[in-house]
Amino acid sequence: MKKRSFIVLLFCIAGLSKNFANPVLVSSLEALQEAIDHAKPGTVIVLKNGVYKTSKDILVNATGTKTQPVIIEAETAGLTEITGAGGINLVSPAKYVIIRGFKFTHTASKARTSAGSTFCRWTNNVFETPGTGDYLTLGGSDHEIDRNTFQNKDSLGKFIAVKGVGSQIAERLHIHHNYFKTHKNQGNRNGAEALQFGLSGFSLSSSNSIIEYNLFEDCDGENELISVKASKVIVRYNTIRNCPAQFTLRHGNFNQVYGNYFINTPGLRIYGDDHLVHSNHFENCSIGINIGNGGAEVADGAPLTSHDRPDRIIIAFNTLVNNKSNIVQTARTNGLGSTYVTIANNIVVGGGPAVSIVGPALHHNAEGNIFFKTETTRDIPANSFVMKDPKLLKDKTGAYHLQKGSPAVDAAKENYAAVLVDMDGQNRNGKKDIGADEFSGAPVKARILQPSDVGAFSKKK
């Protein structure tokens, strides 16, 4: 009874301010839930430091505004832990709610933004939830997931799983500056990606979401690291390092992959149609870019679960250095191959064959590529490349940039108007340079990421 009276007193005090400007400090999950249930736009709820064991979900259906969100936060980032059988579930009509600064060690699949929630944000949290299931599930639209650490998963499930409603994938998500680290292999079973964006049933719906500035290290849950199964998703400026799993455009169309750094991974695999892959940096990968050999054609009525034949893919302005294989299409029994793939203005230095295509490759186009110190290629027209030193220099961040006097400068074939930036986030103005780097003195907006740049304890720059 005394505890309830104390809670009521807190709300009376908070009510003196129209916008609940003073934080509501709570020290139990019961008090937390009651504070959430009474929250208004501008309410700030602070859970005191400590370890709190749940027996059920903390349900959040509060609604804030863009300028006055409802904030639910830890007293001190990383020192307020929620464990037990339940997590935090943002349910309809939750809107403009911020979840900040917690450490989640509760049962897996209990942190969720459910369908009907909108404009909510998870930021500066640490996720390490045991058991089979996902660390964070996103079902609603217009959410922001930033500067969280997802770590130490040793079970089936994903760090982040993006879903939707019916056949429509969640829309307009912004997933950025997160740290994904250490996911142990689950015996090569499906369903252990670091990030699964969609499912086959969502694949023909457009998400218009952005995944950027995230760091993936030592993630090996299964053969796929990032699995995109939706359309119109932009994946840019991420660093993937020392991950034995592959980034796959598995289902869906019209996705863009650019400005990413692939280091010591199996690179990128492509299925589906009308993707744009440009300005990426691949080094010491087992495969750089893998054009999927199609198993069926979804546009002709094949099941959405098929390995959809890649059609109308642009692979341009990438830099590949010392990879075992660079741009490839591998064999498939009775495979349909790919059609209308463009391989243009890429730099390949060292490693295995620059281009190796097995299986049908109908109406492919290639032009403007520079190869150097790589095995002779026979699977690309001789007039589509030159064997010449592009004069790359590895800088202190580990990225390869063009030097002054490089034959790649202002040498690109055709304009490729959709290619607007390079791997540094610098604009490509005028005559474009070949490879991932545009020789420029403009400010660098993207680079190879380090752990200090991302995650729960990183600071906005």
# chains A, B, ... in the order shown; residues from 1 in each chain; ligands from 1
>>> residues_around(residues="Ala77 (chain A)", least_positions_apart="5", cutoff="10 Å", atoms="only C-alpha atoms", output="compact mmCIF listing (two decimals) with N, CA and C atoms, in the first residue's frame")
# COMPACT_ATOMS: atom_id res chain seq x y z
N ASN A 49 19.11 2.07 -11.22
CA ASN A 49 20.11 1.02 -11.44
C ASN A 49 19.78 -0.23 -10.63
N ARG A 100 15.85 3.44 -23.85
CA ARG A 100 17.25 3.88 -23.88
C ARG A 100 18.05 3.39 -22.67
N GLY A 101 19.24 2.84 -22.97
CA GLY A 101 20.25 2.64 -21.94
C GLY A 101 20.18 1.36 -21.14
N PHE A 102 19.31 0.39 -21.51
CA PHE A 102 19.15 -0.81 -20.72
C PHE A 102 20.11 -1.92 -21.15
N LYS A 103 20.29 -2.87 -20.25
CA LYS A 103 20.91 -4.14 -20.60
C LYS A 103 19.82 -5.20 -20.51
N ASN A 124 21.10 2.87 -27.54
CA ASN A 124 22.09 2.73 -26.47
C ASN A 124 21.79 1.58 -25.51
N ASN A 125 21.21 0.51 -26.04
CA ASN A 125 20.93 -0.68 -25.23
C ASN A 125 21.91 -1.80 -25.55
N VAL A 126 22.09 -2.70 -24.59
CA VAL A 126 22.86 -3.93 -24.79
C VAL A 126 21.90 -5.10 -24.77
N ALA A 456 26.32 0.45 -27.91
CA ALA A 456 25.58 1.05 -26.81
C ALA A 456 26.30 2.22 -26.14
N PHE A 457 27.61 2.24 -26.18
CA PHE A 457 28.35 3.25 -25.43
C PHE A 457 29.08 4.22 -26.36
>>> residues_around(residues="Ser109 (chain A)", least_positions_apart="3", cutoff="8 Å", atoms="only C-alpha atoms", output="list in words")
Arg112, Gly133, Asp134, Tyr135, Leu136 and Thr137 of chain A
>>> write_last_selection(atoms="N, CA and C atoms", output="CSV table (one decimal), in the first residue's frame")
chain,number,residue,atom,x,y,z
A,112,ARG,N,10.3,-6.5,-28.5
A,112,ARG,CA,9.5,-6.4,-29.7
A,112,ARG,C,8.9,-5.0,-30.0
A,133,GLY,N,15.6,-18.0,-30.3
A,133,GLY,CA,14.8,-16.9,-30.6
A,133,GLY,C,15.6,-15.6,-30.9
A,134,ASP,N,14.9,-14.5,-31.2
A,134,ASP,CA,15.6,-13.3,-31.7
A,134,ASP,C,15.8,-12.3,-30.5
A,135,TYR,N,16.9,-11.6,-30.7
A,135,TYR,CA,17.1,-10.5,-29.7
A,135,TYR,C,16.1,-9.4,-29.8
A,136,LEU,N,15.8,-8.9,-31.0
A,136,LEU,CA,14.9,-7.8,-31.2
A,136,LEU,C,14.1,-8.1,-32.5
A,137,THR,N,12.7,-8.0,-32.3
A,137,THR,CA,11.8,-8.3,-33.5
A,137,THR,C,11.1,-7.0,-33.8
>>> atom_distance(atom1="CA of Asn253 (chain A)", atom2="CA of Val355 (chain A)")
23.7 Å
>>> residues_around(residues="region 164-166 of chain A", least_positions_apart="3", cutoff="7 Å", atoms="only C-alpha atoms", output="MDAnalysis selection string")
chainID A and resid 115 139:140 169:170
>>> write_last_selection(atoms="C-alpha atoms", output="short mmCIF file (atom, residue, chain, number, x, y, z; two decimals), in the first residue's frame")
data_model
loop_
_atom_site.label_atom_id
_atom_site.label_comp_id
_atom_site.auth_asym_id
_atom_site.auth_seq_id
_atom_site.Cartn_x
_atom_site.Cartn_y
_atom_site.Cartn_z
CA ALA A 115 2.43 -4.41 -35.51
CA GLY A 139 6.93 -5.58 -36.73
CA GLY A 140 5.81 -1.96 -36.82
CA ILE A 169 7.13 -5.74 -44.76
CA ALA A 170 7.69 -3.12 -42.05
#
>>> residues_around(residues="Asn188 (chain A)", least_positions_apart="4", cutoff="8 Å", atoms="only C-alpha atoms", output="PDB file with C-alpha atoms, in the first residue's frame")
ATOM      1  CA  GLY A 221      25.332 -18.194 -36.896  1.00  0.00           C
ATOM      2  CA  GLU A 222      24.682 -19.735 -40.312  1.00  0.00           C
ATOM      3  CA  ASN A 223      25.785 -19.312 -43.930  1.00  0.00           C
TER       4      ASN A 223
END
>>> closest_residue(among="A:Ala39, A:Pro353, A:Gly78, A:Asn152", to="Tyr96 (chain A)", atoms="only C-alpha atoms")
A:Ala39
>>> select_by_dssp(residues="region 51-108 of chain A", states="strand (DSSP E or B)", output="number ranges by chain")
A: 51-54, 58-60, 63, 70-74, 80-84, 88-90, 95, 97-100, 103-104
>>> write_last_selection(atoms="C-alpha atoms", output="compact mmCIF listing (two decimals), in the first residue's frame")
# COMPACT_ATOMS: atom_id res chain seq x y z
CA VAL A 51 18.76 -6.04 -11.83
CA TYR A 52 15.04 -6.55 -12.37
CA LYS A 53 13.57 -10.01 -13.00
CA THR A 54 10.41 -10.16 -15.07
CA ILE A 58 6.36 -4.96 -19.86
CA LEU A 59 3.71 -3.64 -22.24
CA VAL A 60 4.13 -0.20 -23.74
CA THR A 63 1.88 7.71 -27.31
CA VAL A 70 7.74 9.28 -24.11
CA ILE A 71 11.19 8.26 -22.83
CA ILE A 72 11.78 5.07 -20.85
CA GLU A 73 15.40 4.89 -19.81
CA ALA A 74 17.96 3.43 -17.44
CA THR A 80 19.97 -1.22 -15.32
CA GLU A 81 19.37 -4.82 -16.32
CA ILE A 82 16.09 -6.49 -17.24
CA THR A 83 16.17 -10.28 -16.99
CA GLY A 84 13.65 -13.08 -16.52
CA ILE A 88 9.61 -4.93 -23.38
CA ASN A 89 6.85 -5.13 -25.98
CA LEU A 90 5.80 -1.96 -27.80
CA LYS A 95 4.06 5.97 -30.94
CA VAL A 97 8.47 6.06 -27.53
CA ILE A 98 12.21 5.87 -26.79
CA ILE A 99 13.76 2.86 -25.01
CA ARG A 100 17.25 3.88 -23.88
CA LYS A 103 20.91 -4.14 -20.60
CA PHE A 104 18.53 -6.89 -21.70
>>> residues_around(residues="Glu30 (chain A)", least_positions_apart="2", cutoff="12 Å", atoms="only C-alpha atoms", output="ChimeraX atom specification")
/A:3-4,7,26-28,32-37,47,52-59
>>> residues_around(residues="Gln246 (chain A)", least_positions_apart="2", cutoff="9 Å", atoms="only C-alpha atoms", output="PyMOL selection string")
chain A and resi 222-227+243-244+248+265-269
